[in-house]
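**Student:** Structure file input.txt (compact mmCIF, C-alpha atoms) right here:
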```
# COMPACT_ATOMS: atom_id res chain seq x y z
CA MET A 163 0.00 0.00 0.00
CA GLY A 164 2.77 2.48 -0.94
CA ARG A 165 0.11 4.96 -1.98
CA ALA A 166 -0.67 5.61 1.70
CA ARG A 167 2.92 6.74 2.26
CA ASP A 168 2.67 8.96 -0.81
CA ALA A 169 -0.62 10.44 0.42
CA ILE A 170 0.86 11.22 3.86
CA LEU A 171 3.90 12.80 2.19
CA GLU A 172 1.74 14.92 -0.10
CA ALA A 173 -0.33 16.17 2.84
CA LEU A 174 2.75 17.02 4.92
CA GLU A 175 4.50 18.72 1.99
CA ASN A 176 1.49 21.04 1.65
CA LEU A 177 2.04 22.34 5.20
CA THR A 178 3.93 25.57 5.81
CA THR A 179 6.98 25.46 8.08
CA GLU A 180 4.88 26.70 11.01
CA GLU A 181 2.10 24.21 10.27
CA LEU A 182 4.62 21.35 10.13
CA LYS A 183 5.99 22.48 13.49
CA LYS A 184 2.44 22.54 14.90
CA PHE A 185 1.78 19.10 13.38
CA LYS A 186 4.78 17.64 15.24
CA LEU A 187 3.63 19.31 18.47
CA LYS A 188 0.10 17.88 18.14
CA LEU A 189 1.51 14.47 17.18
CA ARG A 190 3.21 14.32 20.59
CA SER A 191 -0.11 14.80 22.40
CA VAL A 192 -2.71 12.99 20.27
CA PRO A 193 -4.22 9.96 22.05
CA LEU A 194 -2.79 6.71 20.71
CA ARG A 195 -4.31 3.28 20.34
CA TYR A 196 -3.45 0.81 23.06
CA GLY A 197 -0.08 -0.78 22.43
CA TYR A 198 1.43 2.10 20.45
CA GLY A 199 4.13 4.35 21.82
CA ARG A 200 5.08 7.92 20.99
CA ILE A 201 7.81 8.92 18.60
CA PRO A 202 10.44 10.47 20.90
CA ARG A 203 10.49 14.26 20.83
CA GLY A 204 14.17 14.37 19.94
CA GLN A 205 13.54 12.31 16.83
CA LEU A 206 10.73 14.62 15.66
CA GLU A 207 12.72 17.83 15.93
CA GLY A 208 14.41 18.88 12.73
CA MET A 209 12.46 16.45 10.54
CA ASP A 210 11.18 17.67 7.22
CA ALA A 211 8.03 16.28 5.53
CA VAL A 212 9.92 13.38 3.92
CA ASP A 213 11.65 12.30 7.14
CA LEU A 214 8.44 12.68 9.15
CA THR A 215 6.50 10.56 6.64
CA ASP A 216 9.14 7.82 6.85
CA LYS A 217 9.08 7.97 10.65
CA LEU A 218 5.26 7.79 10.79
CA VAL A 219 5.16 4.78 8.47
CA SER A 220 8.06 2.95 10.14
CA PHE A 221 6.80 3.66 13.66
CA TYR A 222 3.04 3.11 13.15
CA LEU A 223 2.84 1.32 9.76
CA GLU A 224 0.92 2.80 6.86
CA GLU A 225 -2.69 2.33 7.96
CA TYR A 226 -2.34 3.65 11.52
CA GLY A 227 0.20 6.28 10.44
CA THR A 228 -2.35 7.58 7.97
CA GLU A 229 -5.09 7.54 10.60
CA LEU A 230 -2.88 9.54 12.98
CA THR A 231 -2.04 12.03 10.23
CA VAL A 232 -5.75 12.53 9.52
CA THR A 233 -6.46 12.96 13.25
CA VAL A 234 -3.68 15.52 13.76
CA LEU A 235 -4.66 17.52 10.68
CA HIS A 236 -8.25 17.53 11.88
CA ASP A 237 -7.15 18.68 15.36
CA MET A 238 -5.16 21.49 13.73
CA GLY A 239 -8.36 22.72 12.09
CA MET A 240 -7.22 21.57 8.64
CA LYS A 241 -10.38 19.57 8.09
CA GLU A 242 -10.36 19.85 4.30
CA MET A 243 -6.81 18.50 4.04
CA ALA A 244 -7.65 15.73 6.54
CA GLN A 245 -10.71 14.77 4.49
CA GLN A 246 -8.69 14.73 1.27
CA LEU A 247 -6.12 12.40 2.83
CA GLN A 248 -8.83 10.14 4.19
CA ASP A 249 -10.55 10.04 0.78
CA VAL A 250 -7.29 8.99 -0.91
CA ILE A 251 -6.75 6.24 1.63
CA LEU A 252 -10.32 4.99 1.28
CA GLN A 253 -9.80 4.79 -2.50
CA VAL A 254 -6.61 2.79 -1.95
CA LEU A 255 -8.37 0.46 0.46
CA SER A 256 -11.31 -0.05 -1.90
CA ARG A 257 -8.88 -1.20 -4.62
CA SER A 258 -6.98 -3.54 -2.31
CA PRO A 259 -8.14 -7.15 -1.85
CA VAL A 260 -8.89 -6.63 1.85
CA HIS A 261 -11.58 -4.07 2.63
CA LEU A 262 -10.79 -2.72 6.07
CA PRO A 263 -12.29 0.52 7.34
CA LEU A 264 -9.67 3.17 8.14
CA THR A 265 -11.15 3.64 11.58
CA PRO A 266 -13.70 1.12 12.84
CA GLU A 267 -16.86 2.74 14.14
CA HIS A 268 -16.94 2.91 17.93
CA PHE A 269 -19.79 1.27 19.86
CA VAL A 270 -21.24 4.64 20.96
CA ASP A 271 -21.21 5.94 17.36
CA ARG A 272 -22.69 2.74 15.94
CA HIS A 273 -25.53 2.66 18.50
CA ARG A 274 -26.10 6.41 18.89
CA ALA A 275 -29.80 6.36 17.95
CA ALA A 276 -30.59 3.40 20.22
CA LEU A 277 -28.67 4.95 23.13
CA ILE A 278 -30.56 8.23 22.76
CA GLN A 279 -33.90 6.40 22.93
CA ARG A 280 -33.12 3.68 25.46
CA VAL A 281 -30.75 5.03 28.15
CA THR A 282 -32.78 5.71 31.28
CA ASP A 283 -30.14 6.54 33.93
CA VAL A 284 -28.53 9.50 32.19
CA ASP A 285 -27.55 11.16 35.47
CA GLY A 286 -25.51 8.09 36.46
CA VAL A 287 -23.69 8.25 33.13
CA LEU A 288 -23.08 11.98 33.56
CA ASP A 289 -21.68 11.49 37.05
CA ALA A 290 -19.21 8.93 35.70
CA LEU A 291 -18.11 11.32 32.91
CA TYR A 292 -17.93 14.48 35.00
CA GLY A 293 -14.38 15.83 35.21
CA LYS A 294 -13.01 13.17 32.86
CA VAL A 295 -14.94 13.88 29.65
CA LEU A 296 -17.38 16.65 30.59
CA ARG A 297 -16.56 20.07 31.95
CA GLU A 298 -18.86 21.68 34.51
CA GLU A 299 -20.83 23.72 31.96
CA GLN A 300 -21.31 20.69 29.69
CA TYR A 301 -22.43 18.59 32.65
CA GLN A 302 -24.96 21.26 33.70
CA ALA A 303 -26.21 21.75 30.12
CA VAL A 304 -27.03 18.05 29.81
CA ARG A 305 -28.66 17.89 33.25
CA ALA A 306 -30.84 20.90 32.37
CA GLU A 307 -32.65 18.94 29.67
CA THR A 308 -36.08 17.62 30.71
CA THR A 309 -36.20 14.06 29.32
CA SER A 310 -33.69 11.23 29.04
CA PRO A 311 -33.67 11.29 25.21
CA ARG A 312 -33.04 15.04 25.23
CA LYS A 313 -30.25 14.60 27.76
CA MET A 314 -28.61 11.91 25.63
CA ARG A 315 -28.99 14.03 22.49
CA ARG A 316 -27.32 16.93 24.31
CA LEU A 317 -24.56 14.61 25.55
CA PHE A 318 -23.94 13.39 22.00
CA SER A 319 -23.72 17.01 20.81
CA PHE A 320 -20.30 17.11 22.53
CA ALA A 321 -19.12 13.84 20.92
CA PRO A 322 -17.53 15.34 17.77
CA SER A 323 -14.72 16.73 19.94
CA TRP A 324 -14.15 13.41 21.75
CA ASN A 325 -11.28 11.09 21.07
CA LEU A 326 -11.31 7.31 21.43
CA THR A 327 -10.54 7.49 25.17
CA CYS A 328 -13.57 9.71 25.80
CA LYS A 329 -15.82 7.30 23.89
CA ASP A 330 -14.36 4.38 25.84
CA LEU A 331 -15.17 6.19 29.11
CA LEU A 332 -18.75 6.73 27.93
CA LEU A 333 -19.03 3.05 27.03
CA GLN A 334 -17.69 2.05 30.46
CA ALA A 335 -20.18 4.40 32.16
CA LEU A 336 -22.98 2.81 30.13
CA LYS A 337 -21.77 -0.69 31.06
CA ASP A 338 -21.75 0.32 34.74
CA THR A 339 -25.18 1.97 34.74
CA GLN A 340 -27.05 0.14 31.95
CA PRO A 341 -25.41 -3.31 31.65
CA TYR A 342 -28.43 -5.04 30.12
CA LEU A 343 -28.88 -2.37 27.48
CA VAL A 344 -25.21 -2.51 26.47
CA SER A 345 -25.34 -6.31 26.34
CA ASP A 346 -28.46 -6.18 24.16
CA LEU A 347 -26.86 -3.68 21.77
CA GLU A 348 -23.62 -5.65 21.57
CA GLN A 349 -25.60 -8.70 20.43
CA SER A 350 -27.56 -6.77 17.77
```
Let me see the structure of the file written as structure tokens.

**Tutor:**
Amino acid sequence: MGRARDAILEALENLTTEELKKFKLKLRSVPLRYGYGRIPRGQLEGMDAVDLTDKLVSFYLEEYGTELTVTVLHDMGMKEMAQQLQDVILQVLSRSPVHLPLTPEHFVDRHRAALIQRVTDVDGVLDALYGKVLREEQYQAVRAETTSPRKMRRLFSFAPSWNLTCKDLLLQALKDTQPYLVSDLEQS
């Protein structure tokens, strides 16, 4: 899948010097999948787009390196460039013999509609997320809603800014407060 490396390189070469510097800074703080380590700071400094592409691919392999590049670009506010990179990778994957999604859909994304309708103990979920995922004003905004579906809809309105860890914390809160619902959804 050498095209993934080329797509990462093209995206990084389109960054200005300041944007590349910001990319490296964000790369050091983006949440990583379990089992992956960080590229040491000393190795990142002084790298140009070519060296950084090689380091991303050698450290994380092409698929996850591409996913991280998309995530960092998105976090930098370069959503159009992130989308272009993701589109290129999806084209490459659709031509390859194995059709793997770039990022598998998380449980809370996959079952959003059902969770909005079926979660009854929203306050218990909120209490578990308070201070870890939700700030005080977000917590209060959700609690101010009058029905459980409205509370869940309001909670999900914050989800676009969540990373995988935040979604995992929501899933754990749901497992703790609504174990039968989560079990039912996992089986569907």

**Student:** Got a sec to check which residues sit within 12 Å of (-21.0, 1.6, 22.6), counting all atoms listed in the file, and write them as a PyMOL selection string?

**Tutor:** chain A and resi 267-278+281+326+328-337+340-341+343-350

**Student:** Which of these residues is nearest to Leu230 (chain A), using only C-alpha atoms: A:Ala211, A:Leu189, A:Lys313, A:Asp216?

**Tutor:**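 Of the candidates, the smallest distance to Leu230 (chain A) is held by A:Leu189.
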
**Student:** Smallest atom-to-atom distance to Val234 (chain A): which of A:Ser191, A:Thr215, A:Gln246, A:Thr308, using all atoms listed in the file?

**Tutor:** A:Ser191

**Student:** Within 9 Å of Thr282 (chain A), counting all atoms listed in the file, which residues show up once you throw out same-chain ones fewer than 3 positions away? Write them as a PyMOL selection string, please.

**Tutor:** chain A and resi 279+285+310-311+340

**Student:** Between CA of Leu187 (chain A) and CA of Leu206 (chain A), what is the distance in Å, rounded to a tenth?

**Tutor:**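 Going from CA of Leu187 (chain A) over to CA of Leu206 (chain A), I get 9.0 Å.
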
**Student:** Nearest to Val219 (chain A) among A:Ala166, A:Leu177, A:Leu252, A:Leu194, with distances taken over only C-alpha atoms: which residue is it?

**Tutor:**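 Answer, going by the shortest atom-to-atom distance: A:Ala166.
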
**Student:** For Tyr222 (chain A), which residue out of A:Ile201, A:Leu174, A:Ala244, A:Leu182 is the nearest one, using all atoms listed in the file?

**Tutor:**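 Residue with the minimum atom-to-atom distance to Tyr222 (chain A): A:Ile201.
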
**Student:** How far is it from CA of Asp237 (chain A) to CA of Lys188 (chain A), in Å with one decimal?

**Tutor:**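 Straight-line distance from CA of Asp237 (chain A) to CA of Lys188 (chain A) works out to 7.8 Å.
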
**Student:** Show which residues sit within 9 Å of Tyr301 (chain A), as a PyMOL selection string. Count only C-alpha atoms, and ignore same-chain residues fewer than 3 positions away.

**Tutor:** chain A and resi 288-289+291-293+296-298+304-306+317

**Student:** Could you please determine the separation between CA of Val192 (chain A) and CA of Met238 (chain A) in Å, to one decimal place?

**Tutor:**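 Between CA of Val192 (chain A) and CA of Met238 (chain A) the gap works out to 11.0 Å.
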
**Student:** Around all the atoms of region 202-210 of chain A listed in the file, draw an axis-aligned box and extend it by 4 Å on each of the six sides; I want its centre and edge lengths in Å to one decimal, as AutoDock Vina command-line options.

**Tutor:**
```
--center_x 12.4 --center_y 14.7 --center_z 14.1 --size_x 12.0 --size_y 16.4 --size_z 21.7
```

**Student:** Select, from A:Thr231, A:Glu224, A:Leu247, A:Ile170, the residue with the minimum atom-to-atom distance to Arg190 (chain A), counting all atoms listed in the file.

**Tutor:**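 Under the stated criterion, the closest residue is A:Thr231.
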
**Student:** Rank A:Lys294, A:Lys241, A:Arg280, A:Lys186 by their smallest atom-to-atom distance to Thr309 (chain A), using all atoms listed in the file, and report the top residue only.

**Tutor:**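 Answer, going by the shortest atom-to-atom distance: A:Arg280.
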